[in-house]
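Asks: Input structure: query14.cif, which contains mmCIF, C-alpha atoms.
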data_protein
loop_
_atom_site.label_atom_id
_atom_site.label_comp_id
_atom_site.auth_asym_id
_atom_site.auth_seq_id
_atom_site.Cartn_x
_atom_site.Cartn_y
_atom_site.Cartn_z
CA MET C 1 9.88 4.95 -14.14
CA LEU C 2 8.52 8.24 -12.95
CA GLY C 3 11.48 10.17 -14.26
CA ARG C 4 10.31 9.50 -17.87
CA LEU C 5 6.88 11.04 -17.36
CA ASP C 6 5.97 14.54 -18.45
CA LEU C 7 5.68 17.07 -15.64
CA PRO C 8 1.84 17.17 -15.35
CA THR C 9 1.63 13.37 -15.25
CA LEU C 10 4.52 13.20 -12.79
CA LEU C 11 2.72 15.61 -10.47
CA GLN C 12 -0.45 13.54 -10.69
CA VAL C 13 1.43 10.36 -9.84
CA VAL C 14 3.31 11.92 -6.92
CA ALA C 15 0.11 13.44 -5.51
CA GLY C 16 -1.67 10.10 -5.93
CA LEU C 17 1.14 8.26 -4.19
CA ILE C 18 1.08 10.68 -1.27
CA VAL C 19 -2.69 10.33 -0.84
CA ALA C 20 -2.70 6.54 -1.20
CA ALA C 21 0.29 6.04 1.11
CA THR C 22 -1.19 8.37 3.73
CA VAL C 23 -4.51 6.50 3.73
CA HIS C 24 -2.62 3.20 3.89
CA GLU C 25 -0.53 4.13 6.92
CA PHE C 26 -3.41 5.88 8.70
CA ALA C 27 -5.44 2.66 8.39
CA HIS C 28 -2.66 0.71 10.11
CA ALA C 29 -2.53 3.29 12.90
CA TYR C 30 -6.31 3.48 13.31
CA VAL C 31 -6.84 -0.27 13.57
CA ALA C 32 -3.93 -0.69 15.98
CA ASP C 33 -5.37 2.08 18.15
CA ARG C 34 -8.84 0.53 18.13
CA LEU C 35 -7.37 -2.85 19.10
CA GLY C 36 -5.71 -1.38 22.19
CA ASP C 37 -2.22 -0.36 21.10
CA PRO C 38 -1.56 3.37 21.77
CA THR C 39 1.86 3.31 20.08
CA PRO C 40 0.76 4.86 16.75
CA ARG C 41 -1.25 7.56 18.54
CA ASN C 42 1.66 8.37 20.84
CA GLN C 43 3.96 8.69 17.82
CA GLY C 44 1.61 11.05 16.02
CA ARG C 45 0.59 8.57 13.32
CA LEU C 46 -3.17 8.66 13.96
CA THR C 47 -3.63 11.42 11.40
CA LEU C 48 -4.29 11.99 7.71
CA ASN C 49 -1.54 14.61 7.56
CA PRO C 50 0.87 13.24 4.90
CA LEU C 51 3.88 14.78 6.67
CA ALA C 52 3.43 12.32 9.53
CA HIS C 53 3.73 9.34 7.20
CA LEU C 54 6.30 10.24 4.52
CA ASP C 55 9.74 8.71 4.75
CA PRO C 56 12.45 11.03 3.35
CA LEU C 57 14.50 8.35 1.58
CA GLY C 58 11.44 6.43 0.40
CA SER C 59 9.94 9.63 -1.03
CA VAL C 60 13.12 10.51 -2.92
CA LEU C 61 13.30 7.00 -4.40
CA ILE C 62 9.70 7.23 -5.57
CA LEU C 63 10.59 10.38 -7.49
CA LEU C 64 13.82 8.94 -8.91
CA VAL C 65 13.01 5.33 -9.72
CA GLY C 66 9.28 4.85 -9.13
CA PHE C 67 9.85 2.58 -6.13
CA GLY C 68 9.85 3.67 -2.50
CA TRP C 69 7.97 3.51 0.75
CA ALA C 70 6.19 5.48 3.44
CA LYS C 71 7.26 5.49 7.07
CA PRO C 72 6.05 2.19 8.61
CA VAL C 73 3.60 2.45 11.49
CA GLN C 74 5.16 0.95 14.61
CA ILE C 75 3.04 -1.24 16.86
CA ASN C 76 3.54 -3.13 20.10
CA PRO C 77 1.78 -6.51 19.83
CA ALA C 78 2.00 -6.90 23.61
CA ASN C 79 -0.87 -4.41 23.85
CA PHE C 80 -3.23 -6.64 21.86
CA ARG C 81 -5.60 -9.19 23.38
CA ASP C 82 -4.61 -11.74 20.75
CA TRP C 83 -1.30 -10.63 19.30
CA ARG C 84 -1.35 -13.02 16.31
CA ARG C 85 -4.89 -12.19 15.22
CA ASP C 86 -4.65 -8.47 15.93
CA SER C 87 -1.26 -8.09 14.25
CA MET C 88 -2.79 -9.66 11.14
CA LEU C 89 -5.74 -7.27 11.30
CA VAL C 90 -3.42 -4.27 11.55
CA ALA C 91 -1.30 -5.53 8.66
CA GLY C 92 -4.34 -6.11 6.48
CA ALA C 93 -5.85 -2.70 7.24
CA GLY C 94 -3.47 -0.81 4.93
CA PRO C 95 -4.13 -2.81 1.74
CA LEU C 96 -7.84 -2.94 2.58
CA ALA C 97 -7.90 0.87 2.85
CA ASN C 98 -6.34 1.15 -0.62
CA VAL C 99 -8.86 -1.32 -2.07
CA THR C 100 -11.72 0.62 -0.45
CA MET C 101 -10.40 3.89 -1.86
CA LEU C 102 -10.04 2.58 -5.41
CA PHE C 103 -13.58 1.15 -5.34
CA ALA C 104 -14.93 4.48 -4.05
CA LEU C 105 -13.12 6.35 -6.83
CA GLY C 106 -14.44 3.83 -9.35
CA VAL C 107 -18.09 4.73 -8.68
CA PRO C 108 -18.17 7.68 -11.13
CA PHE C 109 -16.87 5.35 -13.88
CA LYS C 110 -19.53 2.73 -13.18
CA LEU C 111 -22.24 5.41 -13.19
CA GLY C 112 -20.94 6.99 -16.41
CA LEU C 113 -20.48 10.42 -14.86
CA LEU C 114 -17.10 11.38 -16.33
CA GLY C 115 -17.73 11.91 -20.04
CA PHE C 116 -17.65 15.68 -19.55
CA SER C 117 -14.10 15.87 -18.16
CA ALA C 118 -11.19 13.93 -19.63
CA PRO C 119 -8.61 15.52 -17.25
CA LEU C 120 -10.66 14.54 -14.20
CA GLU C 121 -11.05 11.02 -15.57
CA GLU C 122 -7.29 10.71 -16.04
CA ILE C 123 -6.57 11.98 -12.52
CA LEU C 124 -9.03 9.52 -10.98
CA LEU C 125 -7.62 6.65 -13.03
CA THR C 126 -4.10 7.53 -11.89
CA VAL C 127 -5.13 7.42 -8.23
CA ILE C 128 -7.11 4.20 -8.79
CA ARG C 129 -4.09 2.52 -10.39
CA ILE C 130 -1.79 3.66 -7.59
CA ASN C 131 -4.13 2.31 -4.93
CA ALA C 132 -4.35 -1.00 -6.78
CA MET C 133 -0.56 -1.13 -6.98
CA LEU C 134 -0.08 -0.38 -3.27
CA ALA C 135 -2.72 -2.90 -2.21
CA VAL C 136 -1.29 -5.74 -4.29
CA PHE C 137 2.36 -4.87 -3.66
CA ASN C 138 1.93 -4.73 0.11
CA LEU C 139 0.19 -8.11 0.17
CA LEU C 140 3.26 -9.83 -1.27
CA PRO C 141 4.64 -12.22 1.39
CA ILE C 142 8.08 -10.61 1.50
CA PRO C 143 9.29 -8.87 4.67
CA PRO C 144 8.67 -6.15 5.69
CA LEU C 145 5.52 -5.92 3.56
CA ASP C 146 2.09 -6.41 5.11
CA GLY C 147 1.67 -9.76 3.41
CA SER C 148 4.62 -11.14 5.35
CA LYS C 149 3.02 -10.12 8.65
CA ILE C 150 -0.24 -11.76 7.68
CA LEU C 151 1.63 -14.92 6.69
CA VAL C 152 3.48 -15.01 10.03
CA GLY C 153 0.11 -14.96 11.79
CA LEU C 154 -1.20 -17.83 9.67
CA LEU C 155 1.82 -20.13 9.89
CA PRO C 156 2.32 -22.63 12.71
CA PRO C 157 4.60 -21.12 15.38
CA ALA C 158 7.73 -23.07 14.41
CA LEU C 159 7.38 -22.16 10.73
CA ALA C 160 6.55 -18.56 11.63
CA VAL C 161 9.79 -18.24 13.58
CA SER C 162 11.80 -19.66 10.68
CA TYR C 163 10.08 -17.39 8.19
CA ALA C 164 10.59 -14.32 10.40
CA ARG C 165 14.35 -14.83 10.11
CA LEU C 166 14.07 -13.48 6.55
CA THR C 167 13.02 -10.06 7.87
CA PRO C 168 16.51 -8.45 7.93
CA TYR C 169 16.97 -9.38 4.27
CA GLY C 170 13.50 -8.53 2.99
CA THR C 171 14.18 -5.01 1.75
CA PHE C 172 17.32 -6.18 -0.05
CA ILE C 173 15.33 -8.99 -1.70
CA LEU C 174 12.67 -6.50 -2.82
CA LEU C 175 15.24 -4.11 -4.27
CA LEU C 176 16.87 -6.94 -6.22
CA LEU C 177 13.54 -8.15 -7.57
CA VAL C 178 12.49 -4.65 -8.64
CA ALA C 179 15.84 -3.68 -10.14
CA PHE C 180 16.82 -6.85 -11.97
CA THR C 181 13.74 -8.98 -12.66
CA ASP C 182 10.13 -8.79 -13.83
CA VAL C 183 8.97 -11.26 -11.18
CA LEU C 184 6.99 -8.72 -9.15
CA ALA C 185 5.26 -7.35 -12.24
CA SER C 186 4.21 -10.84 -13.32
CA PHE C 187 2.61 -11.43 -9.93
CA MET C 188 1.11 -7.97 -9.49
CA ILE C 189 -0.37 -7.05 -12.87
CA PRO C 190 -3.16 -9.70 -13.04
CA PRO C 191 -4.69 -8.88 -9.61
CA MET C 192 -4.22 -5.13 -10.24
CA ARG C 193 -6.04 -5.43 -13.58
CA TRP C 194 -8.84 -7.43 -11.92
CA LEU C 195 -9.27 -4.89 -9.09
CA ILE C 196 -9.42 -1.95 -11.50
CA ALA C 197 -11.94 -3.74 -13.73
CA GLN C 198 -14.16 -4.56 -10.75
CA ALA C 199 -13.94 -1.00 -9.40
CA THR C 200 -14.59 0.84 -12.66
CA GLY C 201 -16.57 -1.65 -14.71
CA SER C 202 -14.01 -1.31 -17.50
CA SER C 203 -10.62 -2.76 -18.39
CA PHE C 204 -8.59 0.39 -17.64
CA PHE C 205 -4.94 -0.32 -16.82
#
Just give me the structure as structure tokens.

Replies:
Amino acid sequence: MLGRLDLPTLLQVVAGLIVAATVHEFAHAYVADRLGDPTPRNQGRLTLNPLAHLDPLGSVLILLVGFGWAKPVQINPANFRDWRRDSMLVAGAGPLANVTMLFALGVPFKLGLLGFSAPLEEILLTVIRINAMLAVFNLLPIPPLDGSKILVGLLPPALAVSYARLTPYGTFILLLLVAFTDVLASFMIPPMRWLIAQATGSSFF
């Protein structure tokens, strides 16, 4: 939990979360805009300004319990040529942006350029870990996470409708899993560890 971290580390984590969440939500907005939906642009979400993407309650929870969320980018699938395909592309854009960012930040590790600065290495590792966490977490097939939207697009229509009925309960399910079980950690840690190893060339975690 973030509340147990010392102040410098806490500030690093919060800054990393803000950057990673901003890139994540901007990617959703950008892809939706390119696919013909002006909704994110009209709502001021086509920007890398963190203030446009932070959710007040989600931000407070991140500080208090280490779990929270950014403001979801709203889209109107009716503006897409193929609403199933394009909705999946928009949903996948956020996690893909986080994966791209962590691989970009991993380049100095692979090239061995960080031996001169331990603080810089620790900051980069913090941001890499956060991006890995956001990418993997958001691909879980639990509403309203991006993975659930991708799954809806892949399922046959009848199954997709049945699955979509879970949406009103998704956040409650997530909160229960985070607060009372280690289920999410057991699913998330292996792919997070793999991503970080591929990005940095080492087994940082």

Asks: Assuming the chain letters and numbering stay as they are in my file, what does the PyMOL selection byres ((chain C and resi 195) around 10) actually select? List them as a VMD selection string.

Replies: chain C and resid 99 102 to 103 128 to 129 131 to 133 135 to 136 189 to 194 196 to 201 203 205

Asks: Kindly give the distance, in Å, that separates atom CA of Leu139 of chain C and atom CA of Val127 of chain C, rounded to a single decimal.

Replies: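 Answer for the atom CA of Leu139 of chain C to atom CA of Val127 of chain C separation: 18.4 Å.
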
Asks: Which one of C:Leu177, C:Ile150, C:Leu134, C:Leu96 sits closest to Leu17 of chain C if you count all atoms listed in the file?

Replies: C:Leu134

Asks: For atom CA of Pro108 of chain C and atom CA of Pro50 of chain C, quote the distance in Å rounded to one decimal.

Replies: 25.5 Å

Asks: Would you mind telling me which residue in C:His53, C:Lys71, C:Arg85, C:Lys110 lies nearest to Leu151 of chain C when using all atoms listed in the file?

Replies: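 Distance minimum relative to Leu151 of chain C lands on C:Arg85.
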
Asks: Quick test: take segment 6-153 of chain C, keep C-alpha atoms, and write it as a JSON list (two decimals), in the first residue's frame.

Replies:
[["chain", "number", "residue", "atom", "x", "y", "z"],
["C", 6, "ASP", "CA", 8.60, 6.73, 2.58],
["C", 7, "LEU", "CA", 7.86, 10.18, 1.20],
["C", 8, "PRO", "CA", 10.41, 10.21, -1.69],
["C", 9, "THR", "CA", 9.26, 6.79, -2.90],
["C", 10, "LEU", "CA", 5.61, 7.80, -2.51],
["C", 11, "LEU", "CA", 6.20, 10.88, -4.66],
["C", 12, "GLN", "CA", 7.90, 8.75, -7.31],
["C", 13, "VAL", "CA", 4.99, 6.31, -7.37],
["C", 14, "VAL", "CA", 2.35, 9.03, -7.53],
["C", 15, "ALA", "CA", 4.20, 10.84, -10.33],
["C", 16, "GLY", "CA", 4.63, 7.56, -12.20],
["C", 17, "LEU", "CA", 0.94, 6.74, -11.83],
["C", 18, "ILE", "CA", -0.06, 10.16, -13.14],
["C", 19, "VAL", "CA", 2.20, 9.84, -16.19],
["C", 20, "ALA", "CA", 1.20, 6.25, -16.95],
["C", 21, "ALA", "CA", -2.53, 6.91, -16.48],
["C", 22, "THR", "CA", -2.37, 10.04, -18.63],
["C", 23, "VAL", "CA", -0.65, 8.19, -21.48],
["C", 24, "HIS", "CA", -3.16, 5.34, -21.11],
["C", 25, "GLU", "CA", -6.24, 7.55, -21.37],
["C", 26, "PHE", "CA", -4.77, 9.75, -24.11],
["C", 27, "ALA", "CA", -4.19, 6.61, -26.19],
["C", 28, "HIS", "CA", -7.87, 5.68, -25.87],
["C", 29, "ALA", "CA", -8.88, 9.19, -26.92],
["C", 30, "TYR", "CA", -6.42, 9.36, -29.81],
["C", 31, "VAL", "CA", -7.43, 6.04, -31.35],
["C", 32, "ALA", "CA", -11.14, 6.80, -30.98],
["C", 33, "ASP", "CA", -10.60, 10.16, -32.68],
["C", 34, "ARG", "CA", -8.65, 8.57, -35.54],
["C", 35, "LEU", "CA", -11.40, 5.98, -36.02],
["C", 36, "GLY", "CA", -14.04, 8.68, -36.48],
["C", 37, "ASP", "CA", -15.47, 9.32, -33.02],
["C", 38, "PRO", "CA", -15.13, 13.01, -32.01],
["C", 39, "THR", "CA", -16.49, 12.41, -28.49],
["C", 40, "PRO", "CA", -13.12, 12.38, -26.68],
["C", 41, "ARG", "CA", -11.94, 15.49, -28.57],
["C", 42, "ASN", "CA", -15.18, 17.32, -27.80],
["C", 43, "GLN", "CA", -14.79, 16.45, -24.11],
["C", 44, "GLY", "CA", -11.23, 17.74, -23.97],
["C", 45, "ARG", "CA", -9.61, 14.31, -23.58],
["C", 46, "LEU", "CA", -7.35, 14.48, -26.65],
["C", 47, "THR", "CA", -4.50, 15.90, -24.57],
["C", 48, "LEU", "CA", -1.52, 14.84, -22.47],
["C", 49, "ASN", "CA", -2.51, 17.29, -19.74],
["C", 50, "PRO", "CA", -2.97, 15.05, -16.65],
["C", 51, "LEU", "CA", -5.70, 17.33, -15.26],
["C", 52, "ALA", "CA", -8.00, 16.27, -18.10],
["C", 53, "HIS", "CA", -7.71, 12.60, -17.15],
["C", 54, "LEU", "CA", -7.53, 12.43, -13.34],
["C", 55, "ASP", "CA", -10.60, 11.29, -11.45],
["C", 56, "PRO", "CA", -10.86, 12.94, -8.00],
["C", 57, "LEU", "CA", -12.07, 9.86, -6.10],
["C", 58, "GLY", "CA", -9.80, 7.49, -8.00],
["C", 59, "SER", "CA", -6.79, 9.72, -7.29],
["C", 60, "VAL", "CA", -7.55, 9.88, -3.56],
["C", 61, "LEU", "CA", -7.89, 6.09, -3.40],
["C", 62, "ILE", "CA", -4.54, 5.64, -5.13],
["C", 63, "LEU", "CA", -2.93, 7.74, -2.41],
["C", 64, "LEU", "CA", -4.77, 5.99, 0.43],
["C", 65, "VAL", "CA", -4.87, 2.34, -0.57],
["C", 66, "GLY", "CA", -2.77, 1.97, -3.72],
["C", 67, "PHE", "CA", -5.81, 1.20, -5.88],
["C", 68, "GLY", "CA", -7.75, 3.69, -7.96],
["C", 69, "TRP", "CA", -8.52, 4.82, -11.46],
["C", 70, "ALA", "CA", -8.33, 7.65, -13.97],
["C", 71, "LYS", "CA", -11.37, 9.22, -15.58],
["C", 72, "PRO", "CA", -12.57, 6.81, -18.31],
["C", 73, "VAL", "CA", -12.58, 8.14, -21.87],
["C", 74, "GLN", "CA", -16.13, 8.15, -23.19],
["C", 75, "ILE", "CA", -16.78, 7.00, -26.75],
["C", 76, "ASN", "CA", -19.79, 6.66, -29.01],
["C", 77, "PRO", "CA", -19.49, 3.39, -30.98],
["C", 78, "ALA", "CA", -22.16, 4.63, -33.39],
["C", 79, "ASN", "CA", -19.47, 6.85, -34.93],
["C", 80, "PHE", "CA", -17.29, 3.89, -35.88],
["C", 81, "ARG", "CA", -17.41, 2.09, -39.23],
["C", 82, "ASP", "CA", -17.28, -1.27, -37.49],
["C", 83, "TRP", "CA", -18.34, -0.71, -33.90],
["C", 84, "ARG", "CA", -17.19, -4.13, -32.60],
["C", 85, "ARG", "CA", -13.74, -3.99, -34.19],
["C", 86, "ASP", "CA", -13.14, -0.31, -33.51],
["C", 87, "SER", "CA", -14.35, -0.51, -29.90],
["C", 88, "MET", "CA", -11.82, -3.31, -29.36],
["C", 89, "LEU", "CA", -9.07, -1.21, -30.93],
["C", 90, "VAL", "CA", -9.88, 1.73, -28.66],
["C", 91, "ALA", "CA", -9.95, -0.52, -25.60],
["C", 92, "GLY", "CA", -6.63, -2.10, -26.48],
["C", 93, "ALA", "CA", -4.93, 1.24, -27.15],
["C", 94, "GLY", "CA", -4.53, 2.10, -23.46],
["C", 95, "PRO", "CA", -2.71, -1.07, -22.36],
["C", 96, "LEU", "CA", -0.67, -1.02, -25.58],
["C", 97, "ALA", "CA", 0.45, 2.55, -24.79],
["C", 98, "ASN", "CA", 1.64, 1.43, -21.35],
["C", 99, "VAL", "CA", 3.52, -1.53, -22.83],
["C", 100, "THR", "CA", 5.14, 0.77, -25.41],
["C", 101, "MET", "CA", 6.17, 3.21, -22.68],
["C", 102, "LEU", "CA", 7.73, 0.55, -20.46],
["C", 103, "PHE", "CA", 9.70, -0.88, -23.39],
["C", 104, "ALA", "CA", 10.93, 2.61, -24.32],
["C", 105, "LEU", "CA", 12.03, 3.24, -20.72],
["C", 106, "GLY", "CA", 13.71, -0.16, -20.67],
["C", 107, "VAL", "CA", 16.15, 0.76, -23.46],
["C", 108, "PRO", "CA", 18.73, 2.41, -21.14],
["C", 109, "PHE", "CA", 18.79, -0.78, -19.03],
["C", 110, "LYS", "CA", 19.36, -2.99, -22.07],
["C", 111, "LEU", "CA", 22.14, -0.70, -23.27],
["C", 112, "GLY", "CA", 23.78, -0.55, -19.83],
["C", 113, "LEU", "CA", 23.59, 3.24, -19.62],
["C", 114, "LEU", "CA", 22.47, 3.66, -16.01],
["C", 115, "GLY", "CA", 25.42, 2.55, -13.89],
["C", 116, "PHE", "CA", 26.29, 6.18, -13.15],
["C", 117, "SER", "CA", 22.97, 7.11, -11.50],
["C", 118, "ALA", "CA", 21.22, 4.87, -8.98],
["C", 119, "PRO", "CA", 18.42, 7.42, -8.29],
["C", 120, "LEU", "CA", 17.62, 7.71, -12.00],
["C", 121, "GLU", "CA", 17.62, 3.93, -12.30],
["C", 122, "GLU", "CA", 15.16, 3.63, -9.41],
["C", 123, "ILE", "CA", 12.84, 6.29, -10.87],
["C", 124, "LEU", "CA", 12.80, 4.58, -14.27],
["C", 125, "LEU", "CA", 12.17, 1.19, -12.68],
["C", 126, "THR", "CA", 9.26, 2.62, -10.70],
["C", 127, "VAL", "CA", 7.64, 4.00, -13.86],
["C", 128, "ILE", "CA", 8.33, 0.76, -15.74],
["C", 129, "ARG", "CA", 6.66, -1.30, -13.00],
["C", 130, "ILE", "CA", 3.65, 1.01, -12.89],
["C", 131, "ASN", "CA", 3.18, 0.79, -16.65],
["C", 132, "ALA", "CA", 3.42, -3.00, -16.47],
["C", 133, "MET", "CA", 0.84, -3.02, -13.69],
["C", 134, "LEU", "CA", -1.59, -0.77, -15.58],
["C", 135, "ALA", "CA", -1.23, -2.74, -18.80],
["C", 136, "VAL", "CA", -1.86, -6.12, -17.18],
["C", 137, "PHE", "CA", -4.54, -4.89, -14.77],
["C", 138, "ASN", "CA", -6.57, -3.21, -17.50],
["C", 139, "LEU", "CA", -6.48, -6.33, -19.67],
["C", 140, "LEU", "CA", -8.30, -8.36, -17.00],
["C", 141, "PRO", "CA", -11.73, -9.35, -18.40],
["C", 142, "ILE", "CA", -13.69, -7.68, -15.61],
["C", 143, "PRO", "CA", -15.98, -4.72, -16.36],
["C", 144, "PRO", "CA", -15.29, -1.85, -16.74],
["C", 145, "LEU", "CA", -11.65, -2.68, -17.53],
["C", 146, "ASP", "CA", -10.38, -2.64, -21.11],
["C", 147, "GLY", "CA", -10.11, -6.41, -21.17],
["C", 148, "SER", "CA", -13.86, -6.72, -20.71],
["C", 149, "LYS", "CA", -14.48, -4.49, -23.73],
["C", 150, "ILE", "CA", -12.11, -6.53, -25.85],
["C", 151, "LEU", "CA", -13.84, -9.73, -24.71],
["C", 152, "VAL", "CA", -17.28, -8.32, -25.61],
["C", 153, "GLY", "CA", -16.00, -7.71, -29.13]]
